[in-house]
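Enquirer: Sending over a structure as structure tokens; questions will come in a sec.
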Amino acid sequence: MAADNLLQKDRPAIEVRNLCKNFGDNEVLKGIDFHVDQGEVVCVIGPSGSGKSTLLRCVNRLEEPTSGTVLVEGVDITDPETDLDKIRTRIGMVFQQFNLFPHLSVLRNLTLAQQRAKKRSKAEAEEIARKNLEKVGLGNRENAYPAQLSGGQQQRVAIARALSMNPDMMLFDEPTSALDPELVGDVLGVMRQLADEGMTMMVVTHEMGFAREVGDRVVFMDGGVVVEQGDPKEVLGNPQHARTQAFLSKVL
Amino acid sequence: MKPSARRRLFRGVLYAVFVIVLAAVILVADWEAIQTNFFNPQVAAAAFPDVIITAAKNTIIYTAIAFVGGLILGLILALMKLSPVAPYRWVATAYVEIFRGLPALLVIFGFAFAVPIAFDWRPPGGSAGAGLIALIIVSAAYIAETLRAGIEAVPAGQREAARSLGMNPSWTMVSVVLPQAFRIVTPPLTNELVILIKDTSLLFIAGMALGERELTTFARDSVSQMANATPLVIAALMYLIITLPLTQLVAKLERHNKRGR
């Protein structure tokens, strides 16, 4: 058992090999090799349509890869025999559009999947939910409905919802792109705190400041391939490829 | 003429036409005949209390059974129509197209008379029961289409969020998609319900025992018994008494649900 766990820890949290994804005739991912180590924060940047969100969505198989392998903690999630629902409880995901359940209170948003997918008792689920609401600074809003919250608050509830499953890693799909500028800081603050606690994170983002300060590694994608990756200060400060330079000159 | 004067004149003409038509109706109508034939106190008194304790009660019961049955069957059909298994989709599509295309009256007639003969089948509850089964089957076809539209109107992100949290497809449907779908289709479902209340009047074709009669059957029987149309007016009032509070109630329910939107 102990040796088994050790083996798991040595593996990358996420390992993607030669991943291709087509939407009809449109090749969105053209043979991606990519990994995220345990405890690592990897920021994926690139122009829109570069395939970065598709790559992220292939990691928990919200998108079906056309070919290639996706290993999550060593488990091949493209294998039809894999219990996808069980794997997904270990991968937290935060969406651009928050996707909170509008018909449920904040607390119920956080407890629903704990009870349905993890079979936790109501009391246990609520205790964990309250702890995570506290963590994202919304301990006093558990009875509110999503429509009564600002975008930034909704996204923090969404983060707390994902955390309540006690995931081993978190996927962020442009988590601040739908927010008013003055609300972005709160959400990034929560993400920074998570990174400091050692959470494994894959973050698709346009926030170059966050990528530089919080990211352990930056991956630049364009046209369905990984163009360049490495230390954030290197990639963002001294990009080697012409495409990276062109992109950064527009966004920085 | 100034524009304001012209507008006043135009409005005056509209009022005048209204008053003239109203006056003509009042003058031309035979008030005595109307009173004896449609608002006859003796005939009206004879209709009570049966019109309430039997007819109105049965209308409500039949509506409730047909609506609940239609919702259950309609939900199954809607899920079949969205199924990845093609034959389920074909069956559901054929069902919906057939029973939306047929007059409800014909389907009731068929279930009350043709099906029992063809399959040597004694419908539960006699011909009223057979008629009710027909109403369930017809309303399910309409409700299925409404529910399917509601399910498809729930944003894809909702399903993705639930699945990304590890909830399986069934729990996702039951806890996340369906509650939102039902909120979306509350107005059209109310419409189905009101139509259904009125469609219970078609059950008369099945032929019903005294205690089974709903408002329209009761009124028609009374009309022939009394040779007077007053029971029809009473039945009409009863329908309004049932439908008007219902639409108010649903409007209130909708405002309540807005909170969660």
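Chain lettering (A, B, ...) mirrors the order of the structure tokens, residue numbering begins at 1 for each chain separately, and ligand numbering begins at 1 in order of display.
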Once you count only C-alpha atoms, which residues of chain A turn out to be within 7 Å of chain B? Could you give them as an MDAnalysis selection string?
Expert: chainID A and resid 62 85:86 88:89 92:93 99 101:104 113 116:117 145 147 162
Enquirer: Using only C-alpha atoms, determine which residues lie at most 12 Å from Glu134 (chain A), disregarding the query and same-chain residues fewer than 5 positions distant; provide the list as an mmCIF file with N, CA, C and O atoms, in the first residue's frame.
Expert:
```
data_model
loop_
_atom_site.group_PDB
_atom_site.id
_atom_site.type_symbol
_atom_site.label_atom_id
_atom_site.label_comp_id
_atom_site.auth_asym_id
_atom_site.auth_seq_id
_atom_site.Cartn_x
_atom_site.Cartn_y
_atom_site.Cartn_z
ATOM 1 N N LEU A 107 -25.220 26.980 -0.046
ATOM 2 C CA LEU A 107 -24.828 25.805 0.746
ATOM 3 C C LEU A 107 -25.157 24.510 -0.006
ATOM 4 O O LEU A 107 -24.346 23.591 -0.080
ATOM 5 N N GLU A 127 -20.657 20.555 6.977
ATOM 6 C CA GLU A 127 -19.490 21.014 7.729
ATOM 7 C C GLU A 127 -18.346 21.363 6.774
ATOM 8 O O GLU A 127 -17.725 22.429 6.879
ATOM 9 N N ILE A 128 -18.109 20.469 5.806
ATOM 10 C CA ILE A 128 -17.044 20.702 4.831
ATOM 11 C C ILE A 128 -17.374 21.932 3.989
ATOM 12 O O ILE A 128 -16.506 22.767 3.700
ATOM 13 N N ALA A 129 -18.651 22.057 3.604
ATOM 14 C CA ALA A 129 -19.074 23.194 2.773
ATOM 15 C C ALA A 129 -18.831 24.511 3.507
ATOM 16 O O ALA A 129 -18.290 25.462 2.936
ATOM 17 N N GLY A 139 -18.406 33.059 4.143
ATOM 18 C CA GLY A 139 -19.025 32.282 5.207
ATOM 19 C C GLY A 139 -20.410 32.755 5.597
ATOM 20 O O GLY A 139 -21.219 31.992 6.104
ATOM 21 N N ASN A 140 -20.698 34.042 5.299
ATOM 22 C CA ASN A 140 -22.004 34.583 5.718
ATOM 23 C C ASN A 140 -23.061 34.491 4.624
ATOM 24 O O ASN A 140 -24.159 34.990 4.780
ATOM 25 N N ARG A 141 -22.748 33.883 3.471
ATOM 26 C CA ARG A 141 -23.711 33.888 2.369
ATOM 27 C C ARG A 141 -24.296 32.519 2.055
ATOM 28 O O ARG A 141 -24.807 32.299 0.965
ATOM 29 N N GLU A 142 -24.251 31.575 2.989
ATOM 30 C CA GLU A 142 -24.642 30.206 2.647
ATOM 31 C C GLU A 142 -26.112 30.075 2.249
ATOM 32 O O GLU A 142 -26.482 29.160 1.532
ATOM 33 N N ARG A 156 -16.179 32.581 -6.558
ATOM 34 C CA ARG A 156 -15.573 32.055 -5.327
ATOM 35 C C ARG A 156 -16.412 30.917 -4.760
ATOM 36 O O ARG A 156 -15.864 29.938 -4.236
ATOM 37 N N VAL A 157 -17.748 31.024 -4.882
ATOM 38 C CA VAL A 157 -18.596 29.897 -4.467
ATOM 39 C C VAL A 157 -18.273 28.679 -5.337
ATOM 40 O O VAL A 157 -18.175 27.548 -4.844
ATOM 41 N N ILE A 159 -15.481 27.939 -6.737
ATOM 42 C CA ILE A 159 -14.203 27.367 -6.279
ATOM 43 C C ILE A 159 -14.435 26.553 -5.001
ATOM 44 O O ILE A 159 -13.959 25.421 -4.868
ATOM 45 N N ALA A 160 -15.221 27.124 -4.076
ATOM 46 C CA ALA A 160 -15.512 26.410 -2.827
ATOM 47 C C ALA A 160 -16.260 25.107 -3.107
ATOM 48 O O ALA A 160 -16.023 24.089 -2.445
ATOM 49 N N ARG A 161 -17.143 25.148 -4.122
ATOM 50 C CA ARG A 161 -17.889 23.931 -4.485
ATOM 51 C C ARG A 161 -16.931 22.838 -4.947
ATOM 52 O O ARG A 161 -17.052 21.675 -4.552
ATOM 53 N N LEU A 163 -13.726 22.632 -4.231
ATOM 54 C CA LEU A 163 -12.865 22.236 -3.109
ATOM 55 C C LEU A 163 -13.570 21.294 -2.147
ATOM 56 O O LEU A 163 -12.932 20.481 -1.481
ATOM 57 N N SER A 164 -14.901 21.407 -2.075
ATOM 58 C CA SER A 164 -15.647 20.593 -1.116
ATOM 59 C C SER A 164 -15.596 19.103 -1.452
ATOM 60 O O SER A 164 -15.953 18.270 -0.627
ATOM 61 N N VAL A 190 -8.031 34.195 -3.993
ATOM 62 C CA VAL A 190 -8.365 32.849 -3.522
ATOM 63 C C VAL A 190 -7.493 31.811 -4.224
ATOM 64 O O VAL A 190 -6.989 30.867 -3.601
#
```
Enquirer: Please measure the separation of CA of Thr200 (chain B) and CA of Ala47 (chain B), giving the value in Å to one decimal.
Expert: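 We find that CA of Thr200 (chain B) and CA of Ala47 (chain B) lie 19.6 Å from each other.
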Enquirer: Could you name the residues that touch region 186-194 of chain B at 8 Å or less, counting only C-alpha atoms, but leaving out those on the same chain fewer than 5 positions away, as a PDB file with N, CA, C and O atoms, in the first residue's frame?
Expert:
```pdb
ATOM      1  N   THR B  63     -59.092  15.788 -14.222  1.00  0.00           N
ATOM      2  CA  THR B  63     -57.973  16.633 -14.662  1.00  0.00           C
ATOM      3  C   THR B  63     -56.694  16.248 -13.924  1.00  0.00           C
ATOM      4  O   THR B  63     -55.635  16.103 -14.532  1.00  0.00           O
ATOM      5  N   PHE B  67     -53.469  14.829 -15.702  1.00  0.00           N
ATOM      6  CA  PHE B  67     -52.271  15.673 -15.709  1.00  0.00           C
ATOM      7  C   PHE B  67     -51.080  14.938 -15.088  1.00  0.00           C
ATOM      8  O   PHE B  67     -49.987  14.927 -15.652  1.00  0.00           O
ATOM      9  N   SER B 139     -52.460  13.857 -23.543  1.00  0.00           N
ATOM     10  CA  SER B 139     -51.759  14.969 -22.879  1.00  0.00           C
ATOM     11  C   SER B 139     -50.271  14.667 -22.776  1.00  0.00           C
ATOM     12  O   SER B 139     -49.439  15.572 -22.855  1.00  0.00           O
ATOM     13  N   TYR B 142     -48.300  16.045 -25.733  1.00  0.00           N
ATOM     14  CA  TYR B 142     -48.006  17.485 -25.686  1.00  0.00           C
ATOM     15  C   TYR B 142     -46.978  17.791 -24.602  1.00  0.00           C
ATOM     16  O   TYR B 142     -46.047  18.573 -24.806  1.00  0.00           O
ATOM     17  N   ILE B 143     -47.161  17.185 -23.416  1.00  0.00           N
ATOM     18  CA  ILE B 143     -46.265  17.462 -22.294  1.00  0.00           C
ATOM     19  C   ILE B 143     -44.841  17.004 -22.621  1.00  0.00           C
ATOM     20  O   ILE B 143     -43.871  17.659 -22.262  1.00  0.00           O
ATOM     21  N   THR B 146     -43.120  19.655 -24.558  1.00  0.00           N
ATOM     22  CA  THR B 146     -42.819  20.793 -23.687  1.00  0.00           C
ATOM     23  C   THR B 146     -41.613  20.496 -22.802  1.00  0.00           C
ATOM     24  O   THR B 146     -40.695  21.308 -22.687  1.00  0.00           O
ATOM     25  N   THR B 243     -60.566  27.408 -13.410  1.00  0.00           N
ATOM     26  CA  THR B 243     -59.356  27.792 -14.153  1.00  0.00           C
ATOM     27  C   THR B 243     -58.748  29.113 -13.686  1.00  0.00           C
ATOM     28  O   THR B 243     -57.534  29.241 -13.647  1.00  0.00           O
ATOM     29  N   THR B 247     -54.636  29.732 -12.746  1.00  0.00           N
ATOM     30  CA  THR B 247     -53.646  30.534 -13.472  1.00  0.00           C
ATOM     31  C   THR B 247     -53.018  31.574 -12.549  1.00  0.00           C
ATOM     32  O   THR B 247     -51.836  31.868 -12.663  1.00  0.00           O
ATOM     33  N   VAL B 250     -50.373  29.760 -10.417  1.00  0.00           N
ATOM     34  CA  VAL B 250     -49.146  29.451 -11.148  1.00  0.00           C
ATOM     35  C   VAL B 250     -48.321  30.711 -11.373  1.00  0.00           C
ATOM     36  O   VAL B 250     -47.097  30.683 -11.286  1.00  0.00           O
ATOM     37  N   GLU B 254     -44.500  31.159 -10.198  1.00  0.00           N
ATOM     38  CA  GLU B 254     -43.453  31.585 -11.116  1.00  0.00           C
ATOM     39  C   GLU B 254     -42.632  32.720 -10.520  1.00  0.00           C
ATOM     40  O   GLU B 254     -41.413  32.744 -10.622  1.00  0.00           O
TER      41      GLU B 254
END
```
Enquirer: Quick one: everything within 12 Å of Asp50 (chain B), counting only C-alpha atoms, minus sequence neighbours fewer than 2 positions away in the same chain. Send it as an MDAnalysis selection string.
Expert: chainID B and resid 44:48 52:58 210:215 218:219 222 231 234:235
